[in-house]
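What follows is the content of my_file.tsv, which has TSV, C-alpha atoms:
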```tsv
chain	number	residue	atom	x	y	z
A	1017	ASP	CA	46.92	29.32	9.06
A	1018	ILE	CA	47.37	32.54	7.05
A	1019	GLU	CA	45.82	34.82	9.69
A	1020	THR	CA	48.23	33.55	12.34
A	1021	GLN	CA	51.17	34.01	9.96
A	1022	VAL	CA	50.11	37.61	9.27
A	1023	LEU	CA	49.86	38.27	13.00
A	1024	PHE	CA	53.33	36.76	13.49
A	1025	ASN	CA	54.80	38.90	10.70
A	1026	ARG	CA	53.32	42.09	12.17
A	1027	ALA	CA	54.67	41.20	15.61
A	1028	MET	CA	58.15	40.59	14.15
A	1029	ALA	CA	57.98	43.95	12.36
A	1030	GLN	CA	57.24	45.76	15.61
A	1031	LEU	CA	59.96	43.82	17.45
A	1032	GLY	CA	62.49	44.68	14.74
A	1033	MET	CA	61.76	48.40	14.95
A	1034	ALA	CA	61.87	48.25	18.76
A	1035	ALA	CA	65.25	46.48	18.57
A	1036	LEU	CA	66.67	49.33	16.48
A	1037	ARG	CA	65.38	51.89	18.97
A	1038	ALA	CA	67.08	49.88	21.74
A	1039	ASN	CA	70.38	49.68	19.78
A	1040	LYS	CA	70.11	45.88	19.40
A	1041	LEU	CA	71.13	45.72	15.77
A	1042	SER	CA	71.56	41.94	15.45
A	1043	ASP	CA	68.07	41.37	16.84
A	1044	CYS	CA	66.71	43.99	14.44
A	1045	LEU	CA	68.28	42.18	11.49
A	1046	ARG	CA	66.94	38.81	12.55
A	1047	CYS	CA	63.41	40.14	13.01
A	1048	LEU	CA	63.23	42.06	9.74
A	1049	ALA	CA	65.24	39.77	7.45
A	1050	ASP	CA	62.21	38.01	5.95
A	1051	LEU	CA	60.03	41.12	5.83
A	1052	CYS	CA	62.31	43.30	3.71
A	1053	SER	CA	61.42	41.78	0.37
A	1054	PRO	CA	59.23	42.76	-2.60
A	1055	ARG	CA	56.40	40.82	-0.92
A	1056	ASN	CA	56.54	42.72	2.37
A	1057	GLN	CA	53.09	44.27	1.96
A	1058	GLU	CA	51.59	40.86	1.22
A	1059	LEU	CA	53.26	39.37	4.29
A	1060	LEU	CA	51.73	42.12	6.43
A	1061	ALA	CA	48.24	41.78	4.86
A	1062	GLN	CA	48.44	45.23	3.34
A	1063	ARG	CA	48.07	44.08	-0.28
A	1064	THR	CA	46.46	41.12	-2.01
A	1065	SER	CA	48.74	38.28	-3.00
A	1066	ARG	CA	49.73	38.13	-6.64
A	1067	TYR	CA	49.45	34.33	-6.63
A	1068	TRP	CA	45.84	33.87	-5.55
A	1069	ASN	CA	44.62	33.43	-9.15
A	1070	ASN	CA	47.21	30.89	-10.31
A	1071	ASP	CA	44.74	28.05	-10.73
A	1072	LYS	CA	43.67	28.33	-14.38
A	1073	ASN	CA	41.21	25.43	-14.05
A	1074	ALA	CA	39.08	27.17	-11.41
A	1075	THR	CA	35.61	28.34	-12.36
A	1076	LYS	CA	34.56	31.98	-12.24
A	1077	GLU	CA	32.65	31.37	-9.01
A	1078	GLU	CA	35.71	29.81	-7.36
A	1079	GLN	CA	37.91	32.66	-8.55
A	1080	ALA	CA	35.43	35.22	-7.23
A	1081	ALA	CA	35.29	33.43	-3.87
A	1082	ARG	CA	39.10	33.35	-3.64
A	1083	GLU	CA	39.34	37.02	-4.54
A	1084	LEU	CA	36.77	37.93	-1.90
A	1085	LYS	CA	38.56	35.83	0.73
A	1086	GLU	CA	41.89	37.44	-0.18
A	1087	LYS	CA	40.44	40.95	0.13
A	1088	GLN	CA	38.81	40.12	3.45
A	1089	ARG	CA	42.25	39.38	4.88
A	1090	LEU	CA	43.45	42.92	4.16
A	1091	LEU	CA	43.84	45.25	7.10
A	1092	PRO	CA	42.35	48.77	7.07
A	1093	PHE	CA	44.71	51.55	6.12
A	1094	HIS	CA	44.98	53.02	9.63
A	1095	ARG	CA	46.52	49.71	10.81
A	1096	HIS	CA	49.17	49.55	8.09
A	1097	ILE	CA	52.87	49.43	9.01
A	1098	ASN	CA	54.96	51.77	6.89
A	1099	THR	CA	57.15	49.53	4.73
A	1100	ASP	CA	59.62	52.36	3.99
A	1101	LEU	CA	60.25	52.64	7.73
A	1102	LEU	CA	60.70	48.87	8.01
A	1103	GLU	CA	63.20	48.83	5.16
A	1104	ALA	CA	65.07	51.84	6.58
A	1105	CYS	CA	65.40	50.15	9.99
A	1106	HIS	CA	66.69	46.97	8.35
A	1107	ASN	CA	69.17	48.81	6.12
A	1108	ILE	CA	70.53	50.99	8.94
A	1109	ALA	CA	71.10	47.98	11.19
A	1110	ALA	CA	72.62	46.02	8.31
A	1111	MET	CA	74.92	48.94	7.39
A	1112	LEU	CA	76.35	49.18	10.91
A	1113	ILE	CA	76.97	45.40	11.01
A	1114	GLU	CA	77.93	44.60	7.43
A	1115	VAL	CA	80.18	47.52	6.42
A	1116	PRO	CA	83.14	46.46	8.63
A	1117	CYS	CA	82.78	42.91	7.31
A	1118	LEU	CA	82.76	44.12	3.69
A	1119	VAL	CA	85.81	46.31	4.29
A	1120	ALA	CA	87.64	43.40	5.92
A	1121	GLU	CA	86.77	41.12	3.00
A	1122	THR	CA	88.12	43.73	0.57
A	1123	ASN	CA	91.39	43.83	2.54
A	1124	HIS	CA	91.49	40.00	2.84
A	1125	THR	CA	91.02	40.10	6.59
A	1126	ASN	CA	88.98	37.44	8.37
A	1127	LEU	CA	86.76	38.84	11.11
A	1128	PRO	CA	85.54	36.56	13.92
A	1129	ASN	CA	81.80	35.82	13.77
A	1130	SER	CA	81.50	37.77	10.52
A	1131	SER	CA	78.81	35.38	9.28
A	1132	GLU	CA	76.48	36.12	12.21
A	1133	SER	CA	73.43	38.25	11.40
A	1134	SER	CA	74.55	38.60	7.81
A	1135	SER	CA	72.10	40.37	5.52
A	1136	LYS	CA	72.19	39.15	1.94
A	1137	THR	CA	69.45	41.65	1.06
A	1138	PHE	CA	71.62	44.59	2.11
A	1139	ARG	CA	74.72	43.22	0.39
A	1140	ARG	CA	72.79	42.69	-2.83
A	1141	ALA	CA	71.30	46.20	-2.73
A	1142	LEU	CA	74.70	47.78	-2.01
A	1143	SER	CA	76.31	45.83	-4.86
A	1144	VAL	CA	73.60	47.00	-7.28
A	1145	TYR	CA	74.00	50.61	-6.11
A	1146	GLU	CA	77.79	50.54	-6.48
A	1147	ARG	CA	77.49	49.28	-10.06
A	1148	ASN	CA	75.59	52.39	-11.13
A	1149	VAL	CA	77.44	54.19	-13.92
A	1150	PHE	CA	76.17	57.66	-13.02
A	1151	GLU	CA	76.31	58.89	-9.42
A	1152	ALA	CA	73.00	60.74	-9.20
A	1153	PRO	CA	71.73	62.21	-5.91
A	1154	PRO	CA	69.81	59.65	-3.84
A	1155	GLU	CA	66.08	59.67	-4.59
A	1156	ASN	CA	64.67	57.42	-1.86
A	1157	ASN	CA	65.45	56.02	1.58
A	1158	ARG	CA	67.26	52.95	0.26
A	1159	GLU	CA	69.61	54.96	-1.93
A	1160	ARG	CA	70.35	57.34	0.95
A	1161	VAL	CA	71.34	54.45	3.21
A	1162	MET	CA	73.44	52.85	0.45
A	1163	LEU	CA	75.29	56.15	-0.09
A	1164	ALA	CA	75.72	56.45	3.69
A	1165	ALA	CA	77.24	52.94	3.70
A	1166	GLN	CA	79.79	54.03	1.09
A	1167	HIS	CA	80.82	56.98	3.28
A	1168	MET	CA	80.92	54.70	6.32
A	1169	SER	CA	83.29	52.32	4.52
A	1170	ARG	CA	85.76	55.24	4.25
A	1171	GLY	CA	85.32	56.22	7.90
A	1172	ASP	CA	83.40	59.42	7.07
A	1173	TRP	CA	80.83	59.30	9.86
A	1174	ARG	CA	79.70	62.92	9.39
A	1175	LYS	CA	78.30	62.41	5.87
A	1176	CYS	CA	76.84	59.09	6.96
A	1177	ARG	CA	75.09	60.83	9.87
A	1178	ASP	CA	73.69	63.58	7.65
A	1179	LEU	CA	72.26	61.07	5.17
A	1180	VAL	CA	70.74	58.72	7.74
A	1181	PHE	CA	69.22	61.44	9.90
A	1182	SER	CA	67.71	63.16	6.86
A	1183	LEU	CA	65.40	60.21	6.14
A	1184	LYS	CA	61.78	61.35	6.07
A	1185	CYS	CA	60.59	58.18	7.78
A	1186	TRP	CA	61.88	59.43	11.15
A	1187	LYS	CA	58.81	61.69	11.28
A	1188	LEU	CA	56.69	58.57	11.77
A	1189	TRP	CA	58.26	58.11	15.22
A	1190	GLN	CA	57.11	61.44	16.63
A	1191	HIS	CA	55.61	59.68	19.66
A	1192	TYR	CA	59.10	58.37	20.54
A	1193	ASP	CA	62.12	60.36	21.64
A	1194	VAL	CA	63.77	60.58	18.21
A	1195	GLU	CA	66.65	62.71	19.50
A	1196	ALA	CA	67.59	59.99	22.01
A	1197	ILE	CA	67.42	57.35	19.26
A	1198	HIS	CA	69.64	59.52	17.05
A	1199	SER	CA	72.18	60.04	19.83
A	1200	VAL	CA	72.48	56.27	20.38
A	1201	LEU	CA	72.78	55.61	16.65
A	1202	LEU	CA	75.33	58.41	16.27
A	1203	ARG	CA	77.55	56.88	18.96
A	1204	ARG	CA	77.32	53.52	17.18
A	1205	MET	CA	78.11	55.16	13.80
A	1206	LYS	CA	81.24	56.78	15.21
A	1207	GLU	CA	82.49	53.50	16.67
A	1208	VAL	CA	81.79	51.60	13.43
A	1209	ALA	CA	83.46	54.38	11.40
A	1210	LEU	CA	86.52	54.16	13.66
A	1211	ARG	CA	86.66	50.42	13.16
A	1212	THR	CA	86.31	50.62	9.36
A	1213	TYR	CA	88.88	53.42	9.20
A	1214	LEU	CA	91.43	51.30	11.03
A	1215	LEU	CA	90.60	48.23	8.94
A	1216	ASN	CA	91.12	50.28	5.80
A	1217	PHE	CA	94.15	52.38	6.68
A	1218	HIS	CA	96.02	50.72	9.55
A	1219	THR	CA	98.79	49.68	7.14
A	1220	HIS	CA	99.51	53.37	6.46
A	1221	TYR	CA	100.51	54.02	10.09
A	1222	SER	CA	103.47	52.90	12.13
A	1223	SER	CA	101.64	54.23	15.21
A	1224	ILE	CA	98.67	56.47	15.87
A	1225	GLY	CA	97.75	58.37	19.01
A	1226	VAL	CA	94.53	57.87	20.91
A	1227	GLY	CA	94.08	61.64	21.12
A	1228	ALA	CA	94.13	61.94	17.32
A	1229	LEU	CA	91.44	59.26	16.99
A	1230	CYS	CA	89.33	60.92	19.69
A	1231	THR	CA	89.49	64.21	17.80
A	1232	MET	CA	88.84	62.62	14.41
A	1233	PHE	CA	85.76	60.67	15.50
A	1234	GLU	CA	84.62	62.89	18.41
A	1235	LEU	CA	84.59	59.97	20.82
A	1236	PRO	CA	85.63	59.86	24.48
A	1237	THR	CA	88.93	58.22	25.32
A	1238	ASP	CA	87.34	55.17	26.96
A	1239	ALA	CA	85.25	54.46	23.84
A	1240	VAL	CA	88.32	54.59	21.58
A	1241	HIS	CA	90.20	52.34	23.99
A	1242	GLY	CA	87.31	49.87	23.95
A	1243	VAL	CA	87.16	49.70	20.13
A	1244	LEU	CA	90.94	49.31	19.81
A	1245	ASN	CA	91.11	46.65	22.52
A	1246	ARG	CA	88.39	44.59	20.88
A	1247	MET	CA	90.12	44.84	17.49
A	1248	ILE	CA	93.52	43.86	18.90
A	1249	ILE	CA	92.07	40.91	20.86
A	1250	ALA	CA	90.15	39.73	17.79
A	1251	LYS	CA	93.35	40.08	15.71
A	1252	GLU	CA	91.65	42.35	13.20
A	1253	PHE	CA	95.01	44.09	12.91
A	1254	VAL	CA	98.38	43.56	14.54
A	1255	GLY	CA	99.00	46.19	17.21
A	1256	SER	CA	99.99	46.81	20.79
A	1257	TRP	CA	99.74	49.66	23.26
A	1258	GLN	CA	102.61	52.10	23.79
A	1259	ASN	CA	103.22	54.42	26.76
A	1260	VAL	CA	100.95	52.41	29.03
A	1261	LEU	CA	103.26	51.13	31.76
A	1262	ASP	CA	105.00	54.47	32.31
A	1263	GLY	CA	101.82	56.17	33.60
A	1264	THR	CA	101.04	58.25	30.51
A	1265	ASP	CA	97.51	59.71	30.31
A	1266	LYS	CA	95.08	57.64	28.27
A	1267	ASP	CA	94.52	60.33	25.65
A	1268	LYS	CA	98.30	60.53	25.05
A	1269	GLN	CA	98.83	56.81	24.57
A	1270	ALA	CA	99.40	55.30	21.13
A	1271	VAL	CA	98.83	52.01	19.42
```

Now, as a test, write the supplied structure out as structure tokens.
Amino acid sequence: DIETQVLFNRAMAQLGMAALRANKLSDCLRCLADLCSPRNQELLAQRTSRYWNNDKNATKEEQAARELKEKQRLLPFHRHINTDLLEACHNIAAMLIEVPCLVAETNHTNLPNSSESSSKTFRRALSVYERNVFEAPPENNRERVMLAAQHMSRGDWRKCRDLVFSLKCWKLWQHYDVEAIHSVLLRRMKEVALRTYLLNFHTHYSSIGVGALCTMFELPTDAVHGVLNRMIIAKEFVGSWQNVLDGTDKDKQAV
């Protein structure tokens, strides 16, 4: 039933955007994976399907009836879901999940559960963007997120923040608390940037202080401890805590 499928797709689109607002990135990816495609407007009944007139043996009356039925399925404009916003939500969630995995793959490091919630769409778009010969300023939401992902892969969370928060599609969420959404996303960006920075450059350090990481990524001490503990337990890099048993303050400890 096409009408039921359209209703299901629209419900999944709303659930995916709600998952991003709630900082549930894996759920956001799963909900929006099938909707972020060139056929997204067709799946949401916002444009007629390009395949309705494939039957060359149909008479003119049958073709006219099919065209009318296809147009009757379309929703009025005031009920449309902005596809740029959908794609931005998918790409932001995919960036925060996929960038550490891509950095680890570049450094020949195997991350646990790296295949979960993988987004082939995001990886393909990032690969196409990185193959561009000329580095022109980003012209749309997708290019801004792809450029933000490049900065994130180097641990530069400030440029990533500026690019993501400058997306025009945020204005469509004026009835939500956008500042609260940004603050949650910013905390997640800092933690992901810390993780990618350590995956990229941990071989350059014999030891690094927690205080230096807190200053670099503007994170509280407990957050830095949490990220480092998870990475050490998952064996993403070989490390151990120093100055722990002798009662040293947390922000003066090193790993």

Using only C-alpha atoms, determine which residues lie at most 6 Å from A:Gly1032, disregarding the query and same-chain residues fewer than 6 positions distant; provide the list as a PyMOL selection string. chain A and resi 1044+1047-1048

For atom CA of A:Met1205 and atom CA of A:Thr1099, quote the distance in Å rounded to one decimal. 23.5 Å

What separation in Å, quoted to one decimal, exists between atom CA of A:Val1144 and atom CA of A:Arg1177?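 These two atoms are separated by 22.1 Å.
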
What does the structure give for the distance between atom CA of A:Val1271 and atom CA of A:Ala1120, in Å to one decimal?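 Computed distance, atom CA of A:Val1271 to atom CA of A:Ala1120, equals 19.5 Å.
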
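When only C-alpha atoms are used to measure the gap to A:Leu1188, the shortest distance among A:Asp1050, A:Glu1077, A:Glu1019, A:Asp1100 belongs to A:Asp1100.
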
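Each of A:Ala1029, A:Met1168, A:Leu1101, A:Leu1059 was compared to A:Lys1187 using all atoms listed in the file, and A:Leu1101 turns out to be the nearest.
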
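Using all atoms listed in the file for every distance, the candidate list A:Thr1212, A:Gln1062, A:Gln1166, A:Asn1245 yields A:Gln1166 as the residue closest to A:Ser1143.
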
Excluding same-chain residues fewer than 6 positions from A:Met1247, what lies within 10 Å of it counting only C-alpha atoms, as a PyMOL selection string? chain A and resi 1127+1211+1214-1215+1241+1253-1255

Could you pull out every residue with an atom within 12 Å of (69.7, 57.7, 19.7), file coordinates, counting all atoms listed in the file, and send them as a list in words?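 Returned residue set, sorted by chain then number, is Leu1036, Arg1037, Ala1038, Asn1039, Lys1040, Arg1177, Phe1181, Trp1186, Tyr1192, Asp1193, Val1194, Glu1195, Ala1196, Ile1197, His1198, Ser1199, Val1200, Leu1201, Leu1202, Arg1203, Arg1204 and Met1205 of chain A.
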
Which residue of A:Val1115, A:Ala1104, A:Leu1210, A:Leu1051 approaches A:Thr1231 most closely, using all atoms listed in the file: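 Comparing A:Val1115, A:Ala1104, A:Leu1210, A:Leu1051 against A:Thr1231, the winner is A:Leu1210.
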
Taking into account all atoms listed in the file, which residue in the set A:Ala1035, A:Asp1172, A:Trp1257, A:Asn1157 is nearest to A:Met1232? A:Asp1172

Find the spatial neighbours of A:Arg1158, counting all atoms listed in the file, within a cut-off of 10 Å - ignore same-chain residues fewer than 4 positions away - and output them as a list in words.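 With the cut-off at 10 Å, the set is Asp1100, Glu1103, Ala1104, Asn1107, Ile1108, Phe1138, Ala1141, Leu1142, Tyr1145, Pro1154, Met1162, Leu1163, Ala1164 and Leu1183 of chain A.
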
Rank A:Ala1209, A:Phe1150, A:Leu1102, A:Arg1063 by their smallest atom-to-atom distance to A:Met1028, using all atoms listed in the file, and report the top residue only.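 Among the listed residues, the smallest separation from A:Met1028 belongs to A:Leu1102.
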
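Once A:Cys1230 and its same-chain neighbours fewer than 3 positions away are set aside, A:Leu1210, A:Gly1225, A:Val1226, A:Gly1227, A:Phe1233, A:Glu1234, A:Leu1235, A:Pro1236, A:Thr1237, A:Asp1238, A:Ala1239, A:Val1240, A:His1241, A:Asp1267 remain within 10 Å of it when counting all atoms listed in the file.
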
Pick out the residues sitting within 10 Å of A:Lys1087, and hand them over as a PyMOL selection string; count all atoms listed in the file, and ignore anything fewer than 2 positions along from it in its own chain. chain A and resi 1061-1065+1081-1085+1089-1091

Since the input is missing atoms for stretch 1025-1036 of chain A, could you rebuild it with N, CA, C and O atoms and give the result as a PDB file, in the coordinates of the input?
```
ATOM      1  N   ASN A1025      53.981  37.966  11.471  1.00  0.00           N
ATOM      2  CA  ASN A1025      54.800  38.900  10.700  1.00  0.00           C
ATOM      3  C   ASN A1025      54.696  40.320  11.247  1.00  0.00           C
ATOM      4  O   ASN A1025      55.699  41.044  11.325  1.00  0.00           O
ATOM      5  N   ARG A1026      53.492  40.734  11.630  1.00  0.00           N
ATOM      6  CA  ARG A1026      53.320  42.090  12.170  1.00  0.00           C
ATOM      7  C   ARG A1026      54.014  42.229  13.527  1.00  0.00           C
ATOM      8  O   ARG A1026      54.590  43.272  13.831  1.00  0.00           O
ATOM      9  N   ALA A1027      53.968  41.161  14.336  1.00  0.00           N
ATOM     10  CA  ALA A1027      54.670  41.200  15.610  1.00  0.00           C
ATOM     11  C   ALA A1027      56.186  41.285  15.405  1.00  0.00           C
ATOM     12  O   ALA A1027      56.885  42.045  16.109  1.00  0.00           O
ATOM     13  N   MET A1028      56.717  40.539  14.430  1.00  0.00           N
ATOM     14  CA  MET A1028      58.150  40.590  14.150  1.00  0.00           C
ATOM     15  C   MET A1028      58.561  41.962  13.625  1.00  0.00           C
ATOM     16  O   MET A1028      59.654  42.456  13.928  1.00  0.00           O
ATOM     17  N   ALA A1029      57.689  42.605  12.854  1.00  0.00           N
ATOM     18  CA  ALA A1029      57.980  43.950  12.360  1.00  0.00           C
ATOM     19  C   ALA A1029      58.096  44.928  13.520  1.00  0.00           C
ATOM     20  O   ALA A1029      59.030  45.745  13.575  1.00  0.00           O
ATOM     21  N   GLN A1030      57.176  44.852  14.462  1.00  0.00           N
ATOM     22  CA  GLN A1030      57.240  45.760  15.610  1.00  0.00           C
ATOM     23  C   GLN A1030      58.449  45.462  16.491  1.00  0.00           C
ATOM     24  O   GLN A1030      59.100  46.382  17.007  1.00  0.00           O
ATOM     25  N   LEU A1031      58.777  44.182  16.655  1.00  0.00           N
ATOM     26  CA  LEU A1031      59.960  43.820  17.450  1.00  0.00           C
ATOM     27  C   LEU A1031      61.234  44.308  16.783  1.00  0.00           C
ATOM     28  O   LEU A1031      62.169  44.764  17.460  1.00  0.00           O
ATOM     29  N   GLY A1032      61.299  44.210  15.453  1.00  0.00           N
ATOM     30  CA  GLY A1032      62.490  44.680  14.740  1.00  0.00           C
ATOM     31  C   GLY A1032      62.696  46.168  14.897  1.00  0.00           C
ATOM     32  O   GLY A1032      63.829  46.633  15.143  1.00  0.00           O
ATOM     33  N   MET A1033      61.625  46.956  14.777  1.00  0.00           N
ATOM     34  CA  MET A1033      61.760  48.400  14.950  1.00  0.00           C
ATOM     35  C   MET A1033      62.113  48.748  16.399  1.00  0.00           C
ATOM     36  O   MET A1033      62.906  49.660  16.653  1.00  0.00           O
ATOM     37  N   ALA A1034      61.529  48.010  17.362  1.00  0.00           N
ATOM     38  CA  ALA A1034      61.870  48.250  18.760  1.00  0.00           C
ATOM     39  C   ALA A1034      63.332  47.903  19.041  1.00  0.00           C
ATOM     40  O   ALA A1034      64.004  48.584  19.830  1.00  0.00           O
ATOM     41  N   ALA A1035      63.843  46.864  18.377  1.00  0.00           N
ATOM     42  CA  ALA A1035      65.250  46.480  18.570  1.00  0.00           C
ATOM     43  C   ALA A1035      66.185  47.582  18.064  1.00  0.00           C
ATOM     44  O   ALA A1035      67.212  47.864  18.687  1.00  0.00           O
ATOM     45  N   LEU A1036      65.838  48.227  16.953  1.00  0.00           N
ATOM     46  CA  LEU A1036      66.670  49.330  16.480  1.00  0.00           C
ATOM     47  C   LEU A1036      66.642  50.488  17.458  1.00  0.00           C
ATOM     48  O   LEU A1036      67.678  51.093  17.740  1.00  0.00           O
TER      49      LEU A1036
END
```
